[in-house]
Amino acid sequence: MTQVNQSVLGDLDLSPQQVSNILDLAIDMKANPMSYADALKGKAVATLYEKPSLRTRVSFDVGIHKMGGHAVYLDQQNGAMGKREDVADFGGNLSCWVDAIVARVMSHDTLVELKQAASVPVVNSLCDLYHPCQALADYMSLKELFGELKGLTLAYIGDGNNVTHSLMLTGAQLGVNLVVVHPEGHGINADVEQQAQVIADNSGATITVTTDINAISNVDAIYADTWISMGDGKKLEDIIAKFQPYQITKQLMDKLNAKYFMHCQPAHRDEEVTAEVLDSEQSIIFRQAENRMWAQNALLHTLLVK
Ligand code: CP
Ligand code: NVA
């Protein structure tokens with residue numbers, strides 16, 4: 001059901017039914033793009049970035065164009081929002097011209113401020129806490145490959161971060177079992193874990209969080225992300241010894257019987273994943289990247305097309 005000015009600042013701003021519908025719509029859009037060629041005709045979307053991006057920038061830009069809309073790219077020349085003018089004024093001004101604001105920000109609080117000031121939907125395209133558009137694309141990819149998501153088991157191995165949180169929250173909504181394995185001291189947000197657990201209890205999924213890489217067995221797919229996220233401030237030389245045992249190798253893929261390897265990218269060969277795995281037939285990273293566009297188009301369609 002479409003709400004008036006529904007924003008998506010975090011994964012739980014979408015109901016489980018909406019998530020499921022968005023994945024179905026995304027798959028249909030990918031198969032029948034011409035049916036949606038005018039869906040955003042006359043509409044404009046501002047996409048703004050406080051952090052670098054390749055996939056998000058291009059997939060929103062091209063995706064909005066494919067639906068007949070206009071994307072306005074606001075790059076980092078404006079610096080962190082709130083410096084040149086208040087975030088509230090940024091949101092108020094943008095609402096005069098555009099139909100939605102897609103924002104990649106340093107801090108989740110900036111999204112909250114933007115939403116308060118904006119009279120149009122605000123969509124999180126990555127913050128310190130969540131990356132909901134990524135999770136939608138990732139589960140769309142698994143749905144394409146497995147057909148049914150409920151009952152699948154996904155292992156996220158590495159630094160507990162924004163991508164982990166979104167995979168947990170959206171996965172729990174979809175009934176996907178999540179196994180999170182992280183080095184000591186690099187875990188996930190306790191509130192997010194608790195929220196995901198409550199949702200999983202309802203959907204019948206399980207959530208396992210551990211630091212013991214040897215404690216896990218049989219999973220359907222393994223997911224890795226960079227060991228150092230944008231804005232983290234960690235240095236590779238300070239963490240590499242701690243993270244090395246969590247590197248995704250062919251041996252680990254085989255041991256866990258994982259069918260697919262996933263990564264949101266940017267990826268770092270022979271850091272979080274060996275080149276052998278990243279470049280293998282089992283790697284679905286480009287499917288995930290392509291599906292960013294279809295999943296985001298389905299999300300924008302849900303929020304903007306009444
Ligand atoms: N996965 C992802 O969000 O990539 P970018 O940082 O390049 O947008
Ligand atoms: N966790 C990573 C994701 C990049 C798409 C980061 O925040 O840098």
# chains A, B, ... in the order shown; residues from 1 in each chain; ligands from 1
>>> residues_around(residues="A:His165", least_positions_apart="4", cutoff="9 Å", atoms="only C-alpha atoms", output="NGL selection string")
:A and (11 or 129-132 or 160-161 or 169-170 or 188-189 or 192-193 or 196)
>>> select_by_dssp(residues="stretch 77-181 of chain A", states="strand (DSSP E or B)", output="ChimeraX atom specification")
/A:100-104,122-124,153-157,177-181
>>> atom_distance(atom1="atom CA of A:Val180", atom2="atom CA of A:Val112")
27.5 Å
>>> residues_near_ligand(ligand="ligand 1", cutoff="10 Å", atoms="only C-alpha atoms and all ligand atoms", output="PyMOL selection string")
chain A and resi 49+51-60+104+125-126+131-135+137+163+225+229-230+263-267+285+288-289+292
>>> select_by_dssp(residues="stretch 216-258 of chain A", states="helix (DSSP H, G or I)", output="list in words")
Leu236, Glu237, Asp238, Ile239, Ile240, Ala241, Lys242, Phe243, Gln244, Pro245, Tyr246, Lys250, Gln251, Leu252, Met253, Asp254 and Lys255 of chain A
>>> write_last_selection(atoms="N, CA and C atoms", output="mmCIF file, in the first residue's frame")
data_model
loop_
_atom_site.group_PDB
_atom_site.id
_atom_site.type_symbol
_atom_site.label_atom_id
_atom_site.label_comp_id
_atom_site.auth_asym_id
_atom_site.auth_seq_id
_atom_site.Cartn_x
_atom_site.Cartn_y
_atom_site.Cartn_z
ATOM 1 N N LEU A 236 44.208 -0.140 7.677
ATOM 2 C CA LEU A 236 44.314 -1.561 7.331
ATOM 3 C C LEU A 236 45.396 -2.252 8.163
ATOM 4 N N GLU A 237 46.545 -1.586 8.316
ATOM 5 C CA GLU A 237 47.646 -2.246 9.041
ATOM 6 C C GLU A 237 47.290 -2.512 10.505
ATOM 7 N N ASP A 238 46.355 -1.734 11.043
ATOM 8 C CA ASP A 238 45.974 -1.944 12.448
ATOM 9 C C ASP A 238 44.996 -3.098 12.630
ATOM 10 N N ILE A 239 44.274 -3.453 11.563
ATOM 11 C CA ILE A 239 43.200 -4.449 11.744
ATOM 12 C C ILE A 239 43.440 -5.749 10.978
ATOM 13 N N ILE A 240 44.400 -5.736 10.067
ATOM 14 C CA ILE A 240 44.508 -6.864 9.131
ATOM 15 C C ILE A 240 44.706 -8.209 9.844
ATOM 16 N N ALA A 241 45.501 -8.239 10.884
ATOM 17 C CA ALA A 241 45.762 -9.513 11.571
ATOM 18 C C ALA A 241 44.471 -10.041 12.184
ATOM 19 N N LYS A 242 43.675 -9.149 12.717
ATOM 20 C CA LYS A 242 42.417 -9.541 13.349
ATOM 21 C C LYS A 242 41.379 -10.015 12.324
ATOM 22 N N PHE A 243 41.406 -9.376 11.136
ATOM 23 C CA PHE A 243 40.391 -9.682 10.120
ATOM 24 C C PHE A 243 40.786 -10.847 9.206
ATOM 25 N N GLN A 244 42.073 -11.108 9.106
ATOM 26 C CA GLN A 244 42.548 -12.119 8.139
ATOM 27 C C GLN A 244 41.825 -13.469 8.276
ATOM 28 N N PRO A 245 41.602 -13.967 9.495
ATOM 29 C CA PRO A 245 40.912 -15.260 9.621
ATOM 30 C C PRO A 245 39.476 -15.241 9.066
ATOM 31 N N TYR A 246 38.955 -14.040 8.790
ATOM 32 C CA TYR A 246 37.577 -13.931 8.301
ATOM 33 C C TYR A 246 37.535 -13.707 6.784
ATOM 34 N N LYS A 250 38.229 -19.922 -1.127
ATOM 35 C CA LYS A 250 37.577 -21.072 -1.787
ATOM 36 C C LYS A 250 37.346 -22.188 -0.759
ATOM 37 N N GLN A 251 38.317 -22.369 0.118
ATOM 38 C CA GLN A 251 38.190 -23.412 1.149
ATOM 39 C C GLN A 251 36.961 -23.155 2.017
ATOM 40 N N LEU A 252 36.750 -21.893 2.381
ATOM 41 C CA LEU A 252 35.596 -21.562 3.234
ATOM 42 C C LEU A 252 34.292 -21.762 2.465
ATOM 43 N N MET A 253 34.270 -21.323 1.206
ATOM 44 C CA MET A 253 33.075 -21.521 0.364
ATOM 45 C C MET A 253 32.730 -23.016 0.324
ATOM 46 N N ASP A 254 33.742 -23.840 0.107
ATOM 47 C CA ASP A 254 33.516 -25.295 -0.004
ATOM 48 C C ASP A 254 33.082 -25.888 1.336
ATOM 49 N N LYS A 255 33.766 -25.463 2.385
ATOM 50 C CA LYS A 255 33.469 -26.019 3.714
ATOM 51 C C LYS A 255 32.010 -25.741 4.123
#
>>> residues_around(residues="A:Val209", least_positions_apart="6", cutoff="10 Å", atoms="only C-alpha atoms", output="ChimeraX atom specification")
/A:155-156,178-182,187-188,193
>>> write_last_selection(atoms="N, CA, C and O atoms", output="compact mmCIF listing (two decimals), in the first residue's frame")
# COMPACT_ATOMS: atom_id res chain seq x y z
N ALA A 155 25.16 -16.11 5.09
CA ALA A 155 26.20 -15.80 6.09
C ALA A 155 26.90 -14.52 5.70
O ALA A 155 27.47 -14.43 4.61
N TYR A 156 26.85 -13.53 6.56
CA TYR A 156 27.63 -12.30 6.38
C TYR A 156 28.88 -12.44 7.25
O TYR A 156 28.78 -12.66 8.47
N LEU A 178 19.84 -15.52 9.00
CA LEU A 178 21.08 -14.75 8.91
C LEU A 178 22.11 -15.26 9.89
O LEU A 178 21.82 -15.45 11.06
N VAL A 179 23.31 -15.47 9.39
CA VAL A 179 24.43 -15.82 10.25
C VAL A 179 25.46 -14.71 10.08
O VAL A 179 25.91 -14.44 8.97
N VAL A 180 25.77 -14.02 11.17
CA VAL A 180 26.75 -12.93 11.11
C VAL A 180 27.98 -13.35 11.89
O VAL A 180 27.88 -13.71 13.06
N VAL A 181 29.11 -13.32 11.22
CA VAL A 181 30.38 -13.70 11.85
C VAL A 181 31.33 -12.52 11.75
O VAL A 181 31.65 -12.08 10.65
N HIS A 182 31.75 -12.01 12.90
CA HIS A 182 32.59 -10.81 12.88
C HIS A 182 33.74 -10.94 13.86
O HIS A 182 33.63 -11.65 14.86
N GLY A 187 31.60 -5.77 15.93
CA GLY A 187 30.27 -6.36 15.80
C GLY A 187 29.22 -5.39 15.29
O GLY A 187 29.53 -4.31 14.77
N ILE A 188 27.98 -5.80 15.49
CA ILE A 188 26.87 -5.01 14.96
C ILE A 188 26.24 -4.17 16.06
O ILE A 188 26.52 -4.39 17.24
N GLU A 193 20.40 -5.57 16.24
CA GLU A 193 20.33 -7.02 16.46
C GLU A 193 19.02 -7.39 17.16
O GLU A 193 18.34 -8.33 16.78
>>> atom_distance(atom1="atom CA of A:Ser217", atom2="atom CA of A:Leu256")
5.1 Å
>>> closest_residue(among="A:Asn257, A:Asn291, A:Ser107, A:Gln296", to="ligand 2", atoms="only C-alpha atoms and all ligand atoms")
A:Ser107
>>> residues_around(residues="A:Ile199", least_positions_apart="4", cutoff="8 Å", atoms="only C-alpha atoms", output="list in words")
Leu169, Ala172, Gln173, Gln195 and Ser203 of chain A
>>> closest_atom_pairs(of="stretch 232-297 of chain A", to="stretch 65-81 of chain A", cutoff="10 Å", atoms="only C-alpha atoms", output="tab-separated table")
residue	atom	partner	partner_atom	distance
A:Met293	CA	A:Lys66	CA	9.7
A:Trp294	CA	A:Lys66	CA	9.9
A:Asn297	CA	A:Met67	CA	7.7
>>> atom_distance(atom1="atom CA of A:Phe90", atom2="atom CA of A:Ile64")
21.5 Å
>>> residues_around(residues="A:Ser95", least_positions_apart="2", cutoff="6 Å", atoms="only C-alpha atoms", output="list in words")
Gly92, Asn93, Trp97, Val98, Ala118, Ser119 and Val120 of chain A
